[in-house]
Structures are given as C-alpha cells and as structure tokens.
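Here's run21.txt, which has compact mmCIF, C-alpha atoms and all ligand atoms:
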# COMPACT_ATOMS: atom_id res chain seq x y z
CA MET E 604 107.62 -18.48 18.25
CA SER E 605 105.79 -21.79 18.36
CA GLU E 606 103.37 -22.83 21.08
CA ALA E 607 105.86 -25.46 22.23
CA ALA E 608 108.43 -22.78 23.01
CA LEU E 609 106.14 -20.72 25.25
CA PRO E 610 107.48 -20.33 28.78
CA THR E 611 105.99 -22.64 31.38
CA GLU E 612 108.27 -22.52 34.42
CA LEU E 613 107.82 -18.84 35.29
CA ARG E 614 105.26 -17.68 37.84
CA PRO E 615 102.00 -17.04 35.97
CA LEU E 616 100.29 -13.67 36.22
CA GLY E 617 97.33 -12.19 34.35
CA ILE E 618 97.01 -8.42 34.12
CA LEU E 619 93.88 -6.50 33.20
CA TRP E 620 95.11 -3.07 32.15
CA ARG E 621 92.99 0.04 31.78
CA GLY E 622 94.54 3.44 31.11
CA PRO E 623 93.00 6.93 31.18
CA LEU E 624 91.29 6.56 27.78
CA ASP E 625 87.55 7.23 27.98
CA SER E 626 86.34 7.83 24.44
CA CYS E 627 84.85 5.81 21.62
CA ASN E 628 84.20 6.21 17.92
CA TYR E 629 80.85 4.41 18.22
CA GLY E 630 77.60 5.80 19.61
CA CYS E 631 75.86 2.90 21.37
CA GLY E 632 72.84 4.38 23.11
CA TYR E 633 73.44 2.57 26.41
CA CYS E 634 77.11 3.51 26.82
CA PRO E 635 78.65 6.47 28.74
CA PHE E 636 81.65 6.53 26.40
CA ALA E 637 79.61 6.75 23.21
CA LYS E 638 80.98 9.33 20.79
CA ARG E 639 82.76 11.06 23.63
CA SER E 640 85.29 13.32 22.02
CA SER E 641 88.95 12.46 22.37
CA ARG E 642 90.56 15.25 24.37
CA ARG E 643 94.21 15.81 23.53
CA ALA E 644 95.33 15.93 27.17
CA MET E 645 93.60 12.63 27.90
CA LEU E 646 95.07 10.99 24.82
CA ASP E 647 98.56 12.21 25.73
CA ALA E 648 98.19 10.88 29.27
CA ASP E 649 96.93 7.57 27.94
CA ARG E 650 99.77 7.24 25.52
CA VAL E 651 102.36 7.94 28.22
CA ALA E 652 100.69 5.48 30.61
CA LEU E 653 100.61 2.76 27.97
CA ALA E 654 104.28 3.29 27.07
CA ARG E 655 105.19 2.96 30.74
CA PHE E 656 103.20 -0.24 31.08
CA VAL E 657 104.69 -1.75 27.92
CA ALA E 658 108.19 -0.98 29.22
CA TRP E 659 107.31 -2.75 32.47
CA VAL E 660 105.99 -5.78 30.57
CA GLU E 661 109.15 -5.93 28.50
CA GLY E 662 111.28 -6.04 31.63
CA ALA E 663 109.10 -8.46 33.61
CA ALA E 664 110.85 -11.59 32.40
CA GLU E 665 110.46 -13.32 35.76
CA TRP E 666 106.73 -13.63 35.11
CA SER E 667 104.77 -15.66 32.59
CA LEU E 668 102.27 -13.02 31.59
CA GLU E 669 98.80 -12.82 30.15
CA VAL E 670 97.65 -9.28 29.42
CA LEU E 671 94.12 -8.13 28.62
CA PHE E 672 93.46 -4.50 27.75
CA THR E 673 90.01 -3.50 29.00
CA PRO E 674 89.65 0.14 27.92
CA TYR E 675 86.78 2.44 28.77
CA GLY E 676 85.87 3.13 25.16
CA GLU E 677 87.67 2.05 22.01
CA ALA E 678 91.46 1.85 22.13
CA LEU E 679 92.46 0.11 18.90
CA VAL E 680 91.58 3.19 16.84
CA TRP E 681 94.75 4.71 18.27
CA PRO E 682 98.03 3.54 16.71
CA TRP E 683 99.89 3.35 20.01
CA TYR E 684 97.62 0.52 21.12
CA ARG E 685 98.11 -1.35 17.86
CA ASP E 686 101.88 -0.93 18.17
CA ALA E 687 101.83 -2.02 21.81
CA LEU E 688 99.86 -5.18 21.09
CA ALA E 689 102.15 -6.20 18.25
CA ARG E 690 105.24 -5.50 20.33
CA ILE E 691 104.06 -7.34 23.44
CA SER E 692 103.01 -10.35 21.38
CA HIS E 693 106.65 -11.06 20.51
CA LEU E 694 107.96 -11.12 24.08
CA PRO E 695 109.04 -14.63 25.06
CA HIS E 696 107.60 -14.34 28.59
CA VAL E 697 104.14 -13.26 27.40
CA ARG E 698 101.78 -16.18 26.87
CA ARG E 699 98.88 -14.09 25.64
CA VAL E 700 97.97 -10.50 24.92
CA ALA E 701 94.41 -9.51 24.08
CA ILE E 702 92.18 -6.47 23.90
CA GLN E 703 88.47 -5.73 24.12
CA THR E 704 87.46 -3.87 20.96
CA ASN E 705 84.53 -3.03 18.74
CA GLY E 706 86.56 -4.27 15.77
CA SER E 707 86.31 -1.05 13.77
CA ALA E 708 90.00 -0.14 13.72
CA PRO E 709 92.44 -0.82 10.87
CA MET E 710 93.80 -4.32 11.45
CA GLY E 711 96.95 -4.19 9.32
CA PHE E 712 99.07 -4.17 12.49
CA LEU E 713 98.27 -7.85 12.97
CA ALA E 714 100.72 -8.67 10.20
CA GLU E 715 103.45 -7.38 12.53
CA ALA E 716 102.23 -9.39 15.54
CA ASP E 717 102.77 -12.95 16.69
CA ARG E 718 99.26 -14.16 15.97
CA ALA E 719 99.80 -17.30 18.05
CA ARG E 720 99.76 -15.15 21.18
CA LEU E 721 97.57 -12.20 20.29
CA ALA E 722 93.79 -12.32 20.49
CA LEU E 723 90.94 -9.90 19.92
CA TRP E 724 87.81 -9.86 22.08
CA VAL E 725 85.41 -8.27 19.63
CA SER E 726 81.94 -6.95 20.46
CA TRP E 727 79.29 -6.55 17.79
CA HIS E 728 77.08 -3.50 18.31
CA PRO E 729 74.12 -3.89 15.93
CA SER E 730 73.19 -0.19 16.03
CA GLU E 731 76.67 0.81 14.85
CA VAL E 732 77.65 -1.60 12.11
CA PRO E 733 75.58 -3.83 9.79
CA ARG E 734 75.84 -7.51 10.55
CA GLU E 735 77.03 -8.44 7.07
CA ALA E 736 79.93 -5.99 7.14
CA PHE E 737 80.91 -7.01 10.65
CA ALA E 738 80.75 -10.73 9.85
CA ALA E 739 82.80 -10.24 6.68
CA LYS E 740 85.53 -8.41 8.60
CA MET E 741 85.62 -11.08 11.31
CA ALA E 742 85.73 -13.86 8.72
CA ALA E 743 88.62 -12.15 6.94
CA LEU E 744 90.52 -11.83 10.22
CA HIS E 745 89.86 -15.49 10.95
CA ARG E 746 91.14 -16.48 7.50
CA GLU E 747 94.34 -14.54 8.11
CA GLY E 748 94.93 -16.56 11.27
CA THR E 749 93.87 -13.93 13.80
CA ARG E 750 92.68 -15.46 17.05
CA LEU E 751 89.48 -13.83 18.19
CA SER E 752 86.29 -14.20 20.16
CA VAL E 753 83.16 -12.45 18.97
CA GLY E 754 80.10 -11.58 20.97
CA ALA E 755 77.15 -9.38 21.70
CA VAL E 756 74.66 -8.44 24.39
CA ALA E 757 71.70 -10.80 24.74
CA LEU E 758 68.94 -8.32 23.96
CA PRO E 759 65.74 -10.21 23.11
CA GLU E 760 65.15 -8.07 20.02
CA ASN E 761 68.59 -9.07 18.68
CA VAL E 762 68.47 -12.82 19.16
CA GLU E 763 67.75 -13.66 15.54
CA ALA E 764 70.43 -11.27 14.30
CA VAL E 765 73.01 -12.78 16.65
CA GLU E 766 72.00 -16.28 15.54
CA ALA E 767 72.48 -15.14 11.95
CA LEU E 768 75.90 -13.76 12.87
CA ARG E 769 76.79 -17.14 14.38
CA ALA E 770 75.84 -18.79 11.11
CA GLU E 771 77.89 -16.33 9.06
CA LEU E 772 81.07 -16.58 11.11
CA PRO E 773 83.53 -19.39 10.46
CA PRO E 774 82.42 -22.33 12.65
CA GLY E 775 85.67 -22.29 14.63
CA THR E 776 85.19 -18.71 15.80
CA PRO E 777 84.26 -18.78 19.47
CA MET E 778 81.30 -16.63 20.45
CA TRP E 779 80.39 -15.20 23.83
CA ILE E 780 77.11 -13.66 24.92
CA ASN E 781 76.64 -11.12 27.71
CA ALA E 782 73.34 -11.15 29.56
CA GLN E 783 71.69 -7.74 29.79
CA LYS E 784 71.87 -6.86 33.50
CA PRO E 785 69.65 -5.44 34.76
CA GLY E 786 66.68 -5.17 32.48
CA VAL E 787 66.00 -8.59 30.98
CA ARG E 788 64.65 -11.69 32.71
CA TYR E 789 65.79 -14.83 30.94
CA GLY E 790 63.57 -17.89 31.25
CA PRO E 791 64.82 -21.45 30.70
CA ALA E 792 63.97 -21.35 26.98
CA ASP E 793 65.84 -18.05 26.54
CA ILE E 794 68.89 -19.40 28.34
CA GLU E 795 68.83 -22.55 26.25
CA ARG E 796 68.59 -20.53 23.04
CA TRP E 797 71.44 -18.13 23.86
CA SER E 798 73.49 -21.05 25.18
CA ARG E 799 73.48 -22.61 21.73
CA ILE E 800 75.64 -19.64 20.73
CA ASP E 801 77.68 -19.41 23.95
CA PRO E 802 77.74 -22.58 26.06
CA GLY E 803 78.87 -20.39 28.96
CA PHE E 804 75.83 -18.10 28.82
CA ALA E 805 74.12 -19.60 31.88
CA LEU E 806 77.07 -18.44 34.00
CA ASP E 807 76.46 -14.87 32.87
CA VAL E 808 72.72 -14.69 33.50
CA ARG E 809 72.72 -14.43 37.29
CA PRO E 810 75.29 -12.85 39.62
CA HIS E 811 77.53 -15.24 41.51
CA ALA E 812 77.40 -15.01 45.31
CA THR E 813 81.04 -14.42 46.10
CA ARG E 814 81.56 -12.84 49.51
CA GLY E 815 84.15 -14.85 51.42
CA LYS E 816 84.68 -17.26 48.53
CA PRO E 817 88.06 -17.96 46.93
CA CYS E 818 88.87 -15.91 43.82
CA ASP E 819 92.17 -16.00 41.95
CA THR E 820 92.30 -12.22 41.57
CA GLY E 821 94.95 -10.65 43.76
CA ASP E 822 96.93 -13.86 43.48
CA THR E 823 97.39 -14.89 39.85
CA VAL E 824 95.41 -12.05 38.23
CA ILE E 825 95.46 -8.33 38.96
CA SER E 826 93.97 -5.12 37.63
CA VAL E 827 96.34 -2.23 36.88
CA ASP E 828 95.47 1.34 35.93
CA GLY E 829 97.44 3.98 34.06
CA ALA E 830 99.31 5.11 37.16
CA GLY E 831 100.32 1.55 37.99
CA THR E 832 97.82 1.25 40.85
CA ILE E 833 97.06 -2.40 41.51
CA HIS E 834 93.64 -3.65 42.51
CA ARG E 835 92.75 -7.32 42.72
CA CYS E 836 90.08 -6.82 40.04
CA HIS E 837 88.17 -4.01 38.39
CA PHE E 838 85.38 -4.25 40.98
CA VAL E 839 87.13 -4.05 44.35
CA ALA E 840 88.40 -0.59 45.32
CA ASP E 841 91.08 -1.69 47.83
CA VAL E 842 94.56 -0.80 46.57
CA LEU E 843 97.11 -3.61 46.78
CA GLY E 844 100.13 -1.56 45.71
CA ASN E 845 101.80 -0.07 42.68
CA LEU E 846 103.21 -1.98 39.75
CA TYR E 847 106.13 0.40 39.34
CA ASP E 848 107.05 0.99 42.98
CA ASP E 849 106.30 -2.16 44.93
CA ASP E 850 107.53 -5.74 45.13
CA LEU E 851 104.84 -7.50 43.14
CA ALA E 852 105.67 -10.96 44.46
CA ALA E 853 105.15 -9.73 48.03
CA ILE E 854 101.74 -8.27 47.15
CA LEU E 855 100.23 -11.33 45.57
CA GLY E 856 98.48 -14.03 47.51
CA PRO E 857 95.15 -15.79 47.94
CA ARG E 858 92.39 -13.68 49.47
CA PRO E 859 88.62 -14.18 49.56
CA CYS E 860 86.25 -11.93 47.64
CA PRO E 861 84.92 -9.02 49.74
CA ARG E 862 81.94 -8.28 47.50
CA PRO E 863 78.52 -9.89 47.75
CA ARG E 864 78.21 -10.58 44.04
CA CYS E 865 80.25 -10.85 40.85
CA ASP E 866 78.40 -10.66 37.56
CA CYS E 867 80.94 -9.77 34.88
CA TYR E 868 82.96 -12.32 32.92
CA ILE E 869 86.29 -10.57 33.58
CA GLY E 870 85.57 -11.12 37.28
CA TYR E 871 83.77 -14.43 37.72
CA ALA E 872 86.10 -16.13 35.22
CA HIS E 873 88.59 -16.22 38.09
CA LEU E 874 86.39 -18.07 40.57
CA PRO E 875 88.08 -21.46 40.98
CA ALA E 876 84.74 -23.03 41.85
CA LEU E 877 83.56 -22.47 38.27
CA GLY E 878 86.54 -24.29 36.78
CA MET E 879 86.76 -21.93 33.82
CA ARG E 880 90.56 -22.00 33.56
CA ALA E 881 90.34 -25.72 32.85
CA VAL E 882 87.93 -25.03 29.97
CA TYR E 883 89.52 -21.93 28.45
CA GLY E 884 93.19 -22.56 29.29
CA ASP E 885 95.49 -19.72 28.23
CA ASP E 886 92.62 -18.06 26.37
CA LEU E 887 90.58 -17.38 29.51
CA LEU E 888 91.28 -13.63 29.44
CA ALA E 889 90.40 -13.40 25.73
CA ARG E 890 87.17 -15.35 26.37
CA MET E 891 87.96 -17.87 23.66
CA ARG E 892 86.37 -21.24 24.30
CA PRO E 893 88.65 -23.80 22.67
CA SER E 894 85.99 -25.97 21.08
CA ALA E 895 84.18 -24.94 17.95
CA THR E 896 80.71 -23.64 18.66
CA PRO E 897 77.63 -24.71 16.72
CA ARG E 898 77.37 -23.22 13.28
CA SER E 899 73.79 -22.16 13.79
CA ALA E 900 71.23 -22.11 16.54
S1 LIG Q 1001 81.55 0.30 21.12
FE1 LIG Q 1001 81.68 -0.17 23.31
S2 LIG Q 1001 82.71 1.62 24.23
FE2 LIG Q 1001 82.02 2.23 22.18
S3 LIG Q 1001 80.03 3.20 22.49
FE3 LIG Q 1001 79.64 1.04 22.02
S4 LIG Q 1001 79.54 0.01 24.05
FE4 LIG Q 1001 80.52 2.04 24.36
S1 LIG Q 1002 84.72 -12.63 42.66
FE1 LIG Q 1002 84.59 -10.88 41.24
S2 LIG Q 1002 84.36 -9.05 42.56
FE2 LIG Q 1002 85.10 -10.75 43.87
S3 LIG Q 1002 87.30 -10.50 43.91
FE3 LIG Q 1002 86.81 -11.97 42.26
S4 LIG Q 1002 86.67 -10.75 40.39
FE4 LIG Q 1002 86.58 -9.32 42.13
Please render this file's structure as structure tokens.
Amino acid sequence: MSEAALPTELRPLGILWRGPLDSCNYGCGYCPFAKRSSRRAMLDADRVALARFVAWVEGAAEWSLEVLFTPYGEALVWPWYRDALARISHLPHVRRVAIQTNGSAPMGFLAEADRARLALWVSWHPSEVPREAFAAKMAALHREGTRLSVGAVALPENVEAVEALRAELPPGTPMWINAQKPGVRYGPADIERWSRIDPGFALDVRPHATRGKPCDTGDTVISVDGAGTIHRCHFVADVLGNLYDDDLAAILGPRPCPRPRCDCYIGYAHLPALGMRAVYGDDLLARMRPSATPRSA
C-alpha cells in the first residue's frame, strides 16, 4: 500500500510490546541477556504471547497503530517474530511496525513485508561483529529498500569506529547514539562530536526532569507485556489495565509523569516539550530522523 493510502482518521496509538523473551545470541559484556540460553518453556510462552498480540493488532481496526517491539534480548533470530513483523506490516490500520534488533538474524522475511511501513532499529555492538561486516549488511538492507535506523553506545573508545561506520553507511541511513549512563561524562566537545553523527545526541546525555510534566505515554502511547498488562511506559510500574480484557479507549488519557527523571529515548521521545514527534513524524518509535545525516564526522 502506498503512503497516501495510510489511514489518518483513526485514533492514533503507539504500542511498545515486550514479551517474555529474555535471551540473546550475542555476548555483550555489559548486558544481562548476553548469551543467555533460550529455555524451551520461555520460548513457547513468548511465541504464544506474540501470537495473541498479533491477533489483537489484526482486530484493532478502530486504531491507527504504531508498534515497536522492544525485547529483552534478541527476538528477530526467532522465525515467529519475523513472521509477525511481515504480517503486521500489511495491515491497513498499522502505520508503522518496528523492532529493536542487533541485526544478526536472517533478513529474507523482509521480502514478504510492506517495507514502506516496517522499520528496523539496529544496534551495532563492536565486540560482537566487525564493523565492515555490519556496515555491509546494513548497506545491503538499505539498497533493498529496508527502512532502518542504526546506532551504537557512545563509548569514548569507540568514537572513531562509530564515525567510520557513519562514513561507510549510505548517507541517507539515519543514525542514533545512546549516551553511556552512568559511567561517562561528556564535555561540550564530546557532545558536539557525537552530535555530528546523531543530531539528537544532546537530548540523550542528561536525564530529563519529568515529575509532574506532561508526557504522551498513557494517552497516545502505551507499553504492553506478554500477558497484555498495560503500563504507560516501560519505566512506570503502575498498571493501567489489560489489552485483552479492558476498554482501551476508557483507559487512555493525559497524565503527568510520576518519575523524577527520564533518560531513555523510548521514554523521553514522548515528552511534548521536546517536540520530537514534529521532527520524526511516524518514524518516532523507530528512531529514524527524516533528514539525511552527515556522511562523516
Ligand atoms: S545484542 Fe543487545 S541484548 Fe544482545 S547481548 Fe548485546 S546488548 Fe544484550
Ligand atoms: S517521561 Fe519517561 S518515565 Fe515519565 S511517563 Fe514519560 S516515558 Fe515514562
């Protein structure tokens, strides 16, 4: 379906979905999910939870949906996630579907997807995959018309490698950079340097003071787990209801943030004061800045 035919009159809702999955094929030293083995019972539960969520999405035609999968670990290595993404991408009431991934999985499923609506949020982990191989895979995906954002953690020892990655990726590939929090103090020159790769980096360096401030989560964006439990975001424990049992329209509404700080993109992106929806548009969840980023720093 073309962009012009995407639904506009339905009530918009973004969903960040995270099922029971908690394993990864990579071994990043700083990550609790690194090389955690995939237990059969957990995988079965995850698969059932995902199927239930996909069925809900398919029937939710009264909403104009954006869906971002934010797994604990790596999900795309499992075929049921690849099938789900391709399937959801064809639904007329879904504006966007995206997933956070390390990019290691087979990507042939993209040929079955509507690439105009699907996006990959890909993280490069320098300890796990050589830059050249990673850049070549991303460039090939870009050539095939896959919409993606690519990024890395702003570790000082990796700045030159990430700059080299920027130079190797097609210029139109948006890049994002996560500040290392805590652990690294970024001075003005550091922020300026990383910002040449991600113009939004300065927003990621320091936590945003959010208590009592407006945040779109709980109103136009929600977090849903494998059981259908709805939270406003991944960082606030209060339960708003259940996706499968409750009247979603009655649950949603504006509410101020109860937490003192918000320091993760998938949270602060929904602070109206930052105006990020106006910059990223429908690709806010996939973290794809619309303008081409500099080819090199
Ligand atoms: S790729 Fe992501 S989930 Fe996997 S070990 Fe590395 S940081 Fe953790
Ligand atoms: S500001 Fe962050 S922590 Fe607060 S409600 Fe929004 S997303 Fe959640």
Tell me, as JSON, numbers by chain, which residues lie within 10 Å of E:His696, counting only C-alpha atoms; anything in the same chain fewer than 3 positions away does not count. {"E": [609, 610, 611, 613, 615, 660, 661, 662, 663, 664, 665, 666, 667, 668, 669, 691, 692, 693, 699]}
Hey, which residues come within 7 Å of ligand LIG 1001 (chain Q) if we count only C-alpha atoms and all ligand atoms? Could you give them as a PyMOL selection string? chain E and resi 627-631+634-638+675-677+705+728
Can you list, as JSON, numbers by chain, every protein, DNA or RNA residue that comes within 12 Å of E:His745 when you count all atoms listed in the file, leaving out same-chain residues fewer than 2 positions away? {"E": [710, 713, 718, 722, 723, 738, 739, 740, 741, 742, 743, 747, 748, 749, 750, 751, 752, 753, 772, 773, 774, 775, 776, 777]}
Contacts of chain E with ligand LIG 1002 (chain Q) up to 12 Å, shortest pair per row, only C-alpha atoms and all ligand atoms, as a tab-separated table:
residue	atom	partner	partner_atom	distance
E:Leu619	CA	Q:LIG1002	S4	11.0
E:Pro810	CA	Q:LIG1002	FE1	9.6
E:His811	CA	Q:LIG1002	S1	7.7
E:Ala812	CA	Q:LIG1002	S1	8.1
E:Thr813	CA	Q:LIG1002	S1	5.3
E:Arg814	CA	Q:LIG1002	FE2	7.0
E:Gly815	CA	Q:LIG1002	FE2	8.6
E:Lys816	CA	Q:LIG1002	S1	7.5
E:Pro817	CA	Q:LIG1002	S1	7.6
E:Cys818	CA	Q:LIG1002	FE3	4.7
E:Asp819	CA	Q:LIG1002	FE3	6.7
E:Thr820	CA	Q:LIG1002	FE3	5.5
E:Gly821	CA	Q:LIG1002	S3	7.7
E:Asp822	CA	Q:LIG1002	S3	10.2
E:Thr823	CA	Q:LIG1002	FE3	11.2
E:Val824	CA	Q:LIG1002	S4	9.1
E:Ile825	CA	Q:LIG1002	S4	9.2
E:Ser826	CA	Q:LIG1002	FE4	9.6
E:His834	CA	Q:LIG1002	FE4	9.1
E:Arg835	CA	Q:LIG1002	S3	6.4
E:Cys836	CA	Q:LIG1002	FE4	4.8
E:His837	CA	Q:LIG1002	FE4	6.7
E:Phe838	CA	Q:LIG1002	S2	5.2
E:Val839	CA	Q:LIG1002	FE4	5.7
E:Ala840	CA	Q:LIG1002	FE4	9.5
E:Asp841	CA	Q:LIG1002	S3	10.4
E:Pro857	CA	Q:LIG1002	S3	10.3
E:Arg858	CA	Q:LIG1002	S3	8.2
E:Pro859	CA	Q:LIG1002	S3	6.9
E:Cys860	CA	Q:LIG1002	FE2	4.1
E:Pro861	CA	Q:LIG1002	FE2	6.1
E:Arg862	CA	Q:LIG1002	FE2	5.4
E:Pro863	CA	Q:LIG1002	FE2	7.7
E:Arg864	CA	Q:LIG1002	S2	6.5
E:Cys865	CA	Q:LIG1002	FE1	4.4
E:Asp866	CA	Q:LIG1002	FE1	7.2
E:Cys867	CA	Q:LIG1002	FE1	7.4
E:Tyr868	CA	Q:LIG1002	S4	8.5
E:Ile869	CA	Q:LIG1002	S4	6.8
E:Gly870	CA	Q:LIG1002	S4	3.3
E:Tyr871	CA	Q:LIG1002	FE1	5.1
E:Ala872	CA	Q:LIG1002	S4	7.5
E:His873	CA	Q:LIG1002	FE3	6.2
E:Leu874	CA	Q:LIG1002	S1	6.1
E:Pro875	CA	Q:LIG1002	S1	9.6
E:Ala876	CA	Q:LIG1002	S1	10.4
E:Leu877	CA	Q:LIG1002	S1	10.8
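Taking all atoms listed in the file into account, E:Ala678 lies nearest to E:Pro623 out of the set E:Gly856, E:Pro623, E:Gly632, E:Gly786.
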For E:Leu646, work out the shell of residues within 10 Å, counting all atoms listed in the file and skipping chain neighbours fewer than 2 positions away, then give it as a PyMOL selection string. chain E and resi 622-626+641-644+648-652+681
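One distance worth recording is that between atom CA of E:Ala805 and atom CA of E:Leu758, which is 14.7 Å.
Between atom CA of E:Tyr633 and atom CA of E:Tyr789 the interatomic distance comes to 19.5 Å.
Relative to atom CA of E:Asn781, atom CA of E:Gly754 is found at 7.6 Å.
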Residue among E:Val725, E:Ala714, E:Val756, E:Leu846 lying closest to E:Arg655, counting only C-alpha atoms: E:Leu846
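Minimum distance to E:Ile833 across E:Asp885, E:Asp848, E:Glu731, E:Glu795 (counting all atoms listed in the file) occurs at E:Asp848.
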